[in-house]
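Inspection log for the structure reproduced underneath, given as structure tokens.
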Amino acid sequence: MKPIWIVDDDQSIRFVLEKALLREDLPTRSFTNTREVLAALEAAADDELQGPQVLVSDIRMPGGSGLDLLDKIKAKHPGLPVIIMTAFSDLDSAVSAFQGGAFEYLPKPFDLPRAVELIRRAVDESQREEVAEERMAATPEMLGQAPAMQDVFRAIGRLSQSNVTVLITGESGSGKELVARALHKHSPRANGPFVAINTAAIPKDLLESELFGHERGAFTGAQTMRRGRFEQAEGGTLFLDEIGDMPFDLQTRLLRVLSDGHFYRVGGHNSVKANVRVIAATHQDLELRVKQGGFREDLFHRLNVIRLRLPALRERSEDVPALTRHFLQQSAKQLGVEPKRISDAALAQLAAFNFPGNVRQLENICHWLTVMAPAQLIEAKDLPPEVMANSSVELALASPATSTPSVAEHDSATATPAAAVTPSAAPSVPSAAPAIMASASVSTASWESGLELEAQSMLAAGRTDVWDALSRRFESRLILTALANTRGRRIEAAQKLGIGRNTITRKIQELGLE
């Protein structure tokens, strides 16, 4: 195992920590200032085994502070856990460091067993992240260990040398376009274009022109000839998403293209040859649509040459941890921040969630957590309200009369308006934090229903401190969320919350948030 690096100008601190860690069979390496550490990191750049597993640093040292060291380390080694040691007088700085990426802070004078336990926890987290990063480095364009997803992967492999038409079915948000892209990528047409169009998202009057193009003067506003999606996909793959929503009259034109490979632009008189592989997808039951007269039976059979069914995320809950870590990494990269880690308890709670929006909803939850979770390690209490409300409802339904959950058994987010900005199951383009916030939907019903359930359970248990207990949790989550938003700056957090500076300081002390 790689050593624990200890950085402190106080020899007695270094000595005590070295001896305590060696008794735990944890190797150490000590430094007296930040310059030595940065030089050692530079020297170890070519050999990962020489680098640190965890770095423990004091804040105040000659030649550079621990906070400066933290910034430089996070810029080059974002996954390295850093524990900041601080005197109580530096506690505000330590909290800011914690919000800015430190794994944890350790107030001086510290209890030695607690310090060792904290370092051990950081080592475990570091090793777990190393395994996750190795898996991530080998991650293909799609993730899934569940048997149902393995069947999909096998089907993609069998179709790798084929140009046959494929129909992909599955619920919204289950990843149908990803499968279509994988089919294209592993096909003989991989060097050609992949063109996607959502037939449900384009008005009926425009869809024909979008698909087949138009000639100049074909209709008002057609100033020039325009190539449609079929021509744009020449030599490649055309992905027709939500094919079940295609207007009936356009289905006839699509059938013609699939039958003989020719089509006409809108307003055109010359036949255009289409050298395109068609992959279609739908969340609807096309057999039922055929029976209802909403979908042509002959087109259905043309599309349904090979059918791939994508399982819903609730059918492959074992894939949730890997997908969550992947999306957290992806979201952090898009936002230019350090990737957040997630605890096993939070992963277990996510895996138990129903995910009506499937993989897309999980991706949006990870974007939300990247912005809203107050610390680098995401705990179960940090999960968004709809996940927590689902957990509360399940607990209540499981034992409505025989047992009453205590306050500690419920995560505080169930009663938290601070988390009222919730991720939606709809698609989002998270190019920046404001974009994520704008794409999220404001849901008051989720946290309010969770609050009501919690209050009912506490009242049923005969408790007489319901107001105080829930108010403390409400205020704690609100203040922590504001501090996370302002990276620990109390005055700014107070301004955003609409309270005074003295009020937030007093509340932090009363609620034990130091």
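Here, A, B, ... name the chains of the structure tokens in the order displayed, residue numbers run from 1 inside each chain, and ligands are numbered from 1 in the same displayed order.
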Quiz item: Excluding same-chain residues fewer than 4 positions from stretch 203-220 of chain A, what lies within 7 Å of it counting only C-alpha atoms, as a list of chain:residue names?
Solution: A:Thr224, A:Met225, A:Arg226, A:Arg227, A:Gly228, A:Arg229, A:Phe230, A:Pro247, A:Leu250, A:Tyr264, A:Arg265, A:Val266, A:Gly267, A:Gly268
Sorted by chain and rising residue number, which residues of stretch 304-395 of chain A lie within 9 Å of stretch 485-509 of chain A, and what are their closest atom pairs and distances in Å to one decimal, counting only C-alpha atoms, as a tab-separated table?
residue	atom	partner	partner_atom	distance
A:Val371	CA	A:Asn485	CA	8.0
A:Met372	CA	A:Asn485	CA	7.3
A:Pro374	CA	A:Asn485	CA	7.8
Quiz item: Looking at A:Met458, A:Ala346, A:Leu178, A:Leu328, which one is nearest to A:His367, with distances taken over only C-alpha atoms?
Solution: A:Leu328
Quiz item: Tell me, which residues of stretch 97-291 of chain A carry DSSP strand (DSSP E or B), written as an MDAnalysis selection string?
Solution: chainID A and resid 104:108 166:169 194:198 214 226 237:241 262:264 266 271:273 277:282
Quiz item: Of the candidates A:Leu323, A:Ser160, A:Ala233, A:Pro356, which one gets nearest to A:Lys185 if we count only C-alpha atoms?
Solution: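 With only C-alpha atoms as the atom set, the closest residue is A:Ser160.
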Exercise: A:Leu238 partners within 9 Å, only C-alpha atoms, chain neighbours under 4 positions left out, as a PDB file with C-alpha atoms, in the first residue's frame:
ATOM      1  CA  PRO A 193     -22.736   9.544 -40.254  1.00  0.00           C
ATOM      2  CA  PHE A 194     -25.114   8.752 -37.418  1.00  0.00           C
ATOM      3  CA  VAL A 195     -28.189  10.982 -37.741  1.00  0.00           C
ATOM      4  CA  ALA A 196     -30.912  10.986 -35.079  1.00  0.00           C
ATOM      5  CA  ILE A 197     -34.382  12.511 -35.222  1.00  0.00           C
ATOM      6  CA  ARG A 229     -32.213  13.480 -42.676  1.00  0.00           C
ATOM      7  CA  PHE A 230     -32.217  10.541 -45.076  1.00  0.00           C
ATOM      8  CA  GLN A 232     -27.685  13.554 -44.371  1.00  0.00           C
ATOM      9  CA  ALA A 233     -27.335   9.938 -43.184  1.00  0.00           C
ATOM     10  CA  GLU A 234     -26.112   8.706 -46.585  1.00  0.00           C
ATOM     11  CA  VAL A 276     -29.153   4.288 -45.193  1.00  0.00           C
ATOM     12  CA  ARG A 277     -29.575   1.793 -42.391  1.00  0.00           C
ATOM     13  CA  VAL A 278     -32.671   2.550 -40.325  1.00  0.00           C
ATOM     14  CA  ILE A 279     -32.837   1.944 -36.577  1.00  0.00           C
ATOM     15  CA  ALA A 280     -36.153   2.817 -34.938  1.00  0.00           C
TER      16      ALA A 280
END
Practice problem: Using only C-alpha atoms, determine which residues lie at most 7 Å from A:Pro107, disregarding the query and same-chain residues fewer than 3 positions distant; provide the list as a list in words. | Solution: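 The neighbour list is Met85, Thr86, Ala87, Phe88 and Phe110 of chain A.
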Exercise. Work out how far apart atom CA of A:Ile4 and atom CA of A:Gln53 are and give it in Å to one decimal.
Key: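 Interatomic distance here is 5.6 Å.
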